[in-house]
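**Q** So that you have it, the file is target_16.pdb, and it contains PDB, C-alpha atoms, pLDDT in the B column:
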ATOM      1  CA  MET A   1       8.188  12.790 -22.481  1.00 30.00           C
ATOM      2  CA  GLY A   2       6.128  15.876 -21.622  1.00 37.00           C
ATOM      3  CA  ALA A   3       2.907  14.239 -22.788  1.00 39.00           C
ATOM      4  CA  ASP A   4       3.698  11.012 -20.939  1.00 42.00           C
ATOM      5  CA  SER A   5       4.228  12.904 -17.688  1.00 47.00           C
ATOM      6  CA  ALA A   6       0.954  14.820 -18.194  1.00 55.00           C
ATOM      7  CA  TYR A   7      -0.934  11.525 -18.581  1.00 47.00           C
ATOM      8  CA  ALA A   8       0.738  10.130 -15.472  1.00 58.00           C
ATOM      9  CA  ILE A   9      -0.108  13.231 -13.457  1.00 76.00           C
ATOM     10  CA  ILE A  10      -3.778  13.222 -14.458  1.00 74.00           C
ATOM     11  CA  ARG A  11      -4.047   9.509 -13.674  1.00 74.00           C
ATOM     12  CA  TRP A  12      -2.287   9.991 -10.311  1.00 78.00           C
ATOM     13  CA  LEU A  13      -4.487  12.969  -9.359  1.00 81.00           C
ATOM     14  CA  SER A  14      -7.634  11.075 -10.429  1.00 77.00           C
ATOM     15  CA  ASP A  15      -6.584   8.035  -8.390  1.00 76.00           C
ATOM     16  CA  LEU A  16      -6.158  10.254  -5.322  1.00 77.00           C
ATOM     17  CA  GLN A  17      -9.761  11.432  -5.672  1.00 74.00           C
ATOM     18  CA  GLN A  18     -11.219   7.903  -5.411  1.00 76.00           C
ATOM     19  CA  GLY A  19     -12.653   6.869  -2.038  1.00 76.00           C
ATOM     20  CA  GLN A  20     -11.642   9.478   0.530  1.00 79.00           C
ATOM     21  CA  PRO A  21     -10.443  12.379  -1.696  1.00 79.00           C
ATOM     22  CA  ILE A  22      -7.056  13.937  -1.015  1.00 83.00           C
ATOM     23  CA  THR A  23      -6.514  17.624  -1.747  1.00 90.00           C
ATOM     24  CA  VAL A  24      -3.533  18.292  -4.002  1.00 90.00           C
ATOM     25  CA  ILE A  25      -2.172  21.718  -4.913  1.00 93.00           C
ATOM     26  CA  THR A  26       0.550  21.767  -7.547  1.00 91.00           C
ATOM     27  CA  ARG A  27       1.797  23.737 -10.522  1.00 92.00           C
ATOM     28  CA  LEU A  28      -0.015  23.478 -13.845  1.00 92.00           C
ATOM     29  CA  ARG A  29       1.391  24.184 -17.296  1.00 91.00           C
ATOM     30  CA  LEU A  30       0.192  27.372 -18.978  1.00 94.00           C
ATOM     31  CA  ASP A  31      -0.659  25.355 -22.108  1.00 92.00           C
ATOM     32  CA  ALA A  32      -2.706  22.627 -20.366  1.00 89.00           C
ATOM     33  CA  ALA A  33      -5.862  21.528 -22.223  1.00 89.00           C
ATOM     34  CA  LEU A  34      -8.688  22.560 -19.906  1.00 95.00           C
ATOM     35  CA  TYR A  35     -12.423  22.271 -20.498  1.00 94.00           C
ATOM     36  CA  ASP A  36     -15.772  23.360 -19.109  1.00 91.00           C
ATOM     37  CA  SER A  37     -17.668  20.744 -17.134  1.00 87.00           C
ATOM     38  CA  ALA A  38     -19.771  18.344 -19.189  1.00 81.00           C
ATOM     39  CA  PRO A  39     -23.271  19.636 -19.897  1.00 79.00           C
ATOM     40  CA  GLU A  40     -26.273  17.969 -18.276  1.00 79.00           C
ATOM     41  CA  ARG A  41     -27.801  15.131 -20.280  1.00 75.00           C
ATOM     42  CA  ALA A  42     -31.021  15.995 -22.037  1.00 72.00           C
ATOM     43  CA  THR A  43     -34.100  13.985 -21.075  1.00 75.00           C
ATOM     44  CA  GLY A  44     -34.261  10.889 -23.275  1.00 75.00           C
ATOM     45  CA  GLN A  45     -30.735  11.352 -24.624  1.00 74.00           C
ATOM     46  CA  MET A  46     -29.555   8.021 -26.037  1.00 75.00           C
ATOM     47  CA  ASP A  47     -25.849   8.522 -26.734  1.00 76.00           C
ATOM     48  CA  ARG A  48     -23.036   8.269 -24.202  1.00 74.00           C
ATOM     49  CA  PRO A  49     -22.803  11.055 -21.638  1.00 73.00           C
ATOM     50  CA  ARG A  50     -20.134  13.634 -22.401  1.00 74.00           C
ATOM     51  CA  LEU A  51     -17.056  13.657 -20.187  1.00 78.00           C
ATOM     52  CA  LYS A  52     -16.142  17.302 -20.770  1.00 84.00           C
ATOM     53  CA  GLY A  53     -17.580  20.525 -22.122  1.00 85.00           C
ATOM     54  CA  TYR A  54     -16.058  23.008 -24.541  1.00 91.00           C
ATOM     55  CA  ARG A  55     -12.318  23.656 -24.599  1.00 94.00           C
ATOM     56  CA  LEU A  56     -11.294  26.730 -22.637  1.00 95.00           C
ATOM     57  CA  PRO A  57      -8.644  29.211 -23.803  1.00 95.00           C
ATOM     58  CA  THR A  58      -5.159  28.313 -22.654  1.00 95.00           C
ATOM     59  CA  LEU A  59      -3.941  29.960 -19.488  1.00 96.00           C
ATOM     60  CA  ALA A  60      -1.074  31.472 -21.478  1.00 96.00           C
ATOM     61  CA  SER A  61      -3.583  33.229 -23.758  1.00 97.00           C
ATOM     62  CA  LEU A  62      -5.522  34.493 -20.725  1.00 96.00           C
ATOM     63  CA  ALA A  63      -2.312  35.830 -19.218  1.00 96.00           C
ATOM     64  CA  HIS A  64      -1.622  37.901 -22.355  1.00 95.00           C
ATOM     65  CA  ASP A  65      -5.205  38.949 -23.112  1.00 96.00           C
ATOM     66  CA  PRO A  66      -5.796  42.650 -22.305  1.00 96.00           C
ATOM     67  CA  GLU A  67      -9.457  41.784 -21.550  1.00 96.00           C
ATOM     68  CA  THR A  68      -8.519  39.484 -18.650  1.00 96.00           C
ATOM     69  CA  ARG A  69      -9.844  40.944 -15.403  1.00 96.00           C
ATOM     70  CA  TRP A  70      -7.142  40.429 -12.798  1.00 97.00           C
ATOM     71  CA  GLU A  71      -7.848  40.681  -9.082  1.00 97.00           C
ATOM     72  CA  ARG A  72      -5.107  42.231  -6.976  1.00 96.00           C
ATOM     73  CA  VAL A  73      -4.642  40.408  -3.659  1.00 95.00           C
ATOM     74  CA  ARG A  74      -2.230  40.737  -0.757  1.00 93.00           C
ATOM     75  CA  LEU A  75      -0.668  37.549   0.582  1.00 89.00           C
ATOM     76  CA  HIS A  76       0.703  37.296   4.131  1.00 86.00           C
ATOM     77  CA  ARG A  77       3.652  35.215   2.904  1.00 83.00           C
ATOM     78  CA  TRP A  78       5.235  34.888  -0.516  1.00 82.00           C
ATOM     79  CA  TYR A  79       8.623  33.167  -0.739  1.00 81.00           C
ATOM     80  CA  GLY A  80      10.330  35.110   2.039  1.00 82.00           C
ATOM     81  CA  GLU A  81       8.308  38.294   1.565  1.00 83.00           C
ATOM     82  CA  THR A  82       5.431  39.473   3.748  1.00 86.00           C
ATOM     83  CA  ASN A  83       2.304  41.296   2.619  1.00 87.00           C
ATOM     84  CA  ARG A  84       3.144  40.690  -1.051  1.00 91.00           C
ATOM     85  CA  GLU A  85       0.739  41.881  -3.739  1.00 94.00           C
ATOM     86  CA  VAL A  86       0.042  39.606  -6.688  1.00 96.00           C
ATOM     87  CA  GLU A  87      -2.651  39.566  -9.348  1.00 97.00           C
ATOM     88  CA  ILE A  88      -4.791  36.474  -9.855  1.00 97.00           C
ATOM     89  CA  ILE A  89      -7.638  35.038 -11.835  1.00 97.00           C
ATOM     90  CA  SER A  90      -9.236  31.680 -11.017  1.00 97.00           C
ATOM     91  CA  GLN A  91     -11.893  29.347 -12.337  1.00 96.00           C
ATOM     92  CA  PRO A  92     -13.033  25.736 -11.991  1.00 96.00           C
ATOM     93  CA  ALA A  93     -12.329  23.531 -15.000  1.00 96.00           C
ATOM     94  CA  VAL A  94     -11.862  19.940 -16.121  1.00 94.00           C
ATOM     95  CA  TRP A  95      -8.455  18.602 -17.162  1.00 91.00           C
ATOM     96  CA  TYR A  96      -8.923  15.800 -19.644  1.00 85.00           C
ATOM     97  CA  HIS A  97      -6.954  13.484 -21.940  1.00 79.00           C
ATOM     98  CA  ASN A  98      -8.485  10.656 -23.996  1.00 79.00           C
ATOM     99  CA  GLY A  99      -8.616   7.356 -22.147  1.00 76.00           C
ATOM    100  CA  LEU A 100      -8.349   8.958 -18.712  1.00 77.00           C
ATOM    101  CA  PRO A 101     -11.101  10.053 -16.362  1.00 81.00           C
ATOM    102  CA  PRO A 102     -11.861  13.791 -16.380  1.00 87.00           C
ATOM    103  CA  LEU A 103     -10.266  15.615 -13.448  1.00 89.00           C
ATOM    104  CA  PRO A 104     -12.282  18.479 -11.945  1.00 92.00           C
ATOM    105  CA  LEU A 105      -9.992  21.165 -10.560  1.00 94.00           C
ATOM    106  CA  ARG A 106      -9.687  24.839  -9.720  1.00 97.00           C
ATOM    107  CA  TRP A 107      -6.836  26.720 -11.382  1.00 97.00           C
ATOM    108  CA  VAL A 108      -5.262  29.948 -10.171  1.00 98.00           C
ATOM    109  CA  LEU A 109      -3.291  32.054 -12.639  1.00 98.00           C
ATOM    110  CA  ILE A 110      -0.794  34.306 -10.835  1.00 97.00           C
ATOM    111  CA  ARG A 111       1.163  37.256 -12.164  1.00 96.00           C
ATOM    112  CA  ASP A 112       3.508  39.697 -10.500  1.00 94.00           C
ATOM    113  CA  PRO A 113       2.675  43.378 -10.912  1.00 93.00           C
ATOM    114  CA  GLN A 114       6.317  44.116  -9.979  1.00 91.00           C
ATOM    115  CA  GLY A 115       7.636  41.764 -12.680  1.00 90.00           C
ATOM    116  CA  LYS A 116       9.975  39.852 -10.324  1.00 90.00           C
ATOM    117  CA  PHE A 117       8.613  36.382 -11.176  1.00 90.00           C
ATOM    118  CA  SER A 118       7.099  34.788 -14.269  1.00 94.00           C
ATOM    119  CA  THR A 119       3.376  34.213 -14.609  1.00 95.00           C
ATOM    120  CA  GLN A 120       2.479  30.798 -13.227  1.00 94.00           C
ATOM    121  CA  THR A 121      -0.526  28.591 -12.565  1.00 95.00           C
ATOM    122  CA  LEU A 122      -1.559  26.343  -9.715  1.00 95.00           C
ATOM    123  CA  LEU A 123      -4.183  23.629  -9.761  1.00 94.00           C
ATOM    124  CA  CYS A 124      -6.157  22.405  -6.772  1.00 95.00           C
ATOM    125  CA  THR A 125      -8.269  19.256  -6.626  1.00 93.00           C
ATOM    126  CA  ASP A 126     -10.538  20.752  -3.931  1.00 94.00           C
ATOM    127  CA  LEU A 127     -13.043  22.949  -5.773  1.00 93.00           C
ATOM    128  CA  LEU A 128     -14.257  24.463  -2.493  1.00 94.00           C
ATOM    129  CA  LEU A 129     -10.965  26.172  -1.609  1.00 96.00           C
ATOM    130  CA  SER A 130     -10.740  29.845  -2.482  1.00 96.00           C
ATOM    131  CA  PRO A 131      -7.937  31.115  -4.734  1.00 96.00           C
ATOM    132  CA  ILE A 132      -6.343  32.874  -1.730  1.00 93.00           C
ATOM    133  CA  GLN A 133      -6.408  29.655   0.323  1.00 94.00           C
ATOM    134  CA  ILE A 134      -4.821  27.770  -2.575  1.00 95.00           C
ATOM    135  CA  LEU A 135      -2.006  30.333  -2.850  1.00 93.00           C
ATOM    136  CA  GLU A 136      -1.355  30.446   0.893  1.00 90.00           C
ATOM    137  CA  TYR A 137      -1.372  26.651   1.276  1.00 92.00           C
ATOM    138  CA  PHE A 138       0.992  26.261  -1.672  1.00 91.00           C
ATOM    139  CA  VAL A 139       3.502  28.825  -0.426  1.00 86.00           C
TER
END
Go through the file and emit its structure as structure tokens.
**A**
Amino acid sequence: MGADSAYAIIRWLSDLQQGQPITVITRLRLDAALYDSAPERATGQMDRPRLKGYRLPTLASLAHDPETRWERVRLHRWYGETNREVEIISQPAVWYHNGLPPLPLRWVLIRDPQGKFSTQTLLCTDLLLSPIQILEYFV
């Protein structure tokens, strides 16, 4: 059931990007299969264009990696709190499953330096929004 819902979500998000794109911000699983964007085609390349680049580390592994460079930010609102500090890291990526169109997105990994809430991830279909904007719009 988990895989079926992931396929449905990617298809739904991709459908929303057709025509006049709609910005969606929602939670993303820490074990989602994310990829770099597809590389540019070489001049004279004969095979099919790639849909995705190399697989990225899972967000769960980034969350536990001591080399991850977290940015501490202060949010005006956070679930009933004001001026709440959280730590984030963010990057654009492609979410992809075979048979479905690749979905470009920006993810934001969020952790609590106070340890009150579990590490979580958001995805946004608008690559131009900043991580802070994504967090504030979601909350």
**Q** Can you give me, as a list in words, the residues this file yields under the PyMOL selection byres ((chain A and resi 86) around 6)?
**A** Arg72, Val73, Glu85, Glu87 and Asp112 of chain A
**Q** I'd like the neighbourhood of Ile10 of chain A as a PyMOL selection string, where a residue qualifies if any of its atoms comes within 12 Å (using only C-alpha atoms), though same-chain residues fewer than 3 positions away should be ignored.
**A** chain A and resi 3-7+13-17+24+26+28+32-34+94-105+123+125
**Q** Okay, now the selection with C-alpha atoms, as a compact mmCIF listing (two decimals), keeping the file's coordinate frame?
**A**
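Result went into result39.txt, see below:
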# COMPACT_ATOMS: atom_id res chain seq x y z
CA ALA A 3 2.91 14.24 -22.79
CA ASP A 4 3.70 11.01 -20.94
CA SER A 5 4.23 12.90 -17.69
CA ALA A 6 0.95 14.82 -18.19
CA TYR A 7 -0.93 11.52 -18.58
CA LEU A 13 -4.49 12.97 -9.36
CA SER A 14 -7.63 11.08 -10.43
CA ASP A 15 -6.58 8.04 -8.39
CA LEU A 16 -6.16 10.25 -5.32
CA GLN A 17 -9.76 11.43 -5.67
CA VAL A 24 -3.53 18.29 -4.00
CA THR A 26 0.55 21.77 -7.55
CA LEU A 28 -0.02 23.48 -13.84
CA ALA A 32 -2.71 22.63 -20.37
CA ALA A 33 -5.86 21.53 -22.22
CA LEU A 34 -8.69 22.56 -19.91
CA VAL A 94 -11.86 19.94 -16.12
CA TRP A 95 -8.46 18.60 -17.16
CA TYR A 96 -8.92 15.80 -19.64
CA HIS A 97 -6.95 13.48 -21.94
CA ASN A 98 -8.48 10.66 -24.00
CA GLY A 99 -8.62 7.36 -22.15
CA LEU A 100 -8.35 8.96 -18.71
CA PRO A 101 -11.10 10.05 -16.36
CA PRO A 102 -11.86 13.79 -16.38
CA LEU A 103 -10.27 15.62 -13.45
CA PRO A 104 -12.28 18.48 -11.94
CA LEU A 105 -9.99 21.16 -10.56
CA LEU A 123 -4.18 23.63 -9.76
CA THR A 125 -8.27 19.26 -6.63
**Q** For Arg69 of chain A, please output as a VMD selection string all residues within 12 Å (counting all atoms listed in the file; exclusion window: fewer than 4 positions along the same chain).
**A** chain A and resid 62 to 65 87 to 90 109
**Q** Which residue gives the smallest distance to Asp31 of chain A among A:Gly19, A:Pro49, A:Pro57, A:Pro92, with only C-alpha atoms counted?
**A**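 Once distances to Asp31 of chain A are computed over only C-alpha atoms, the minimum belongs to A:Pro57.
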**Q** Pick the closest to Phe117 of chain A from A:Tyr79, A:Gln45, A:Leu129, A:Ile134: which is it, counting only C-alpha atoms?
**A**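 Closest residue, counting only C-alpha atoms: A:Tyr79.
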**Q** Where does the PyMOL selection byres ((chain A and resi 29) around 9) land in this file, that is, which residues does it pick, as a list of chain:residue names?
**A** A:Arg27, A:Leu28, A:Leu30, A:Asp31, A:Ala32, A:Leu59, A:Ala60, A:Gln120, A:Thr121, A:Leu122
**Q** Expressed in Å to a single decimal, how great is the separation between atom CA of Ser130 of chain A and atom CA of Arg74 of chain A?
**A**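 For atom CA of Ser130 of chain A relative to atom CA of Arg74 of chain A, the distance reads 13.9 Å.
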**Q** Can you work out the spacing between atom CA of Glu40 of chain A and atom CA of Gln133 of chain A in Å, to one decimal?
**A** 29.6 Å
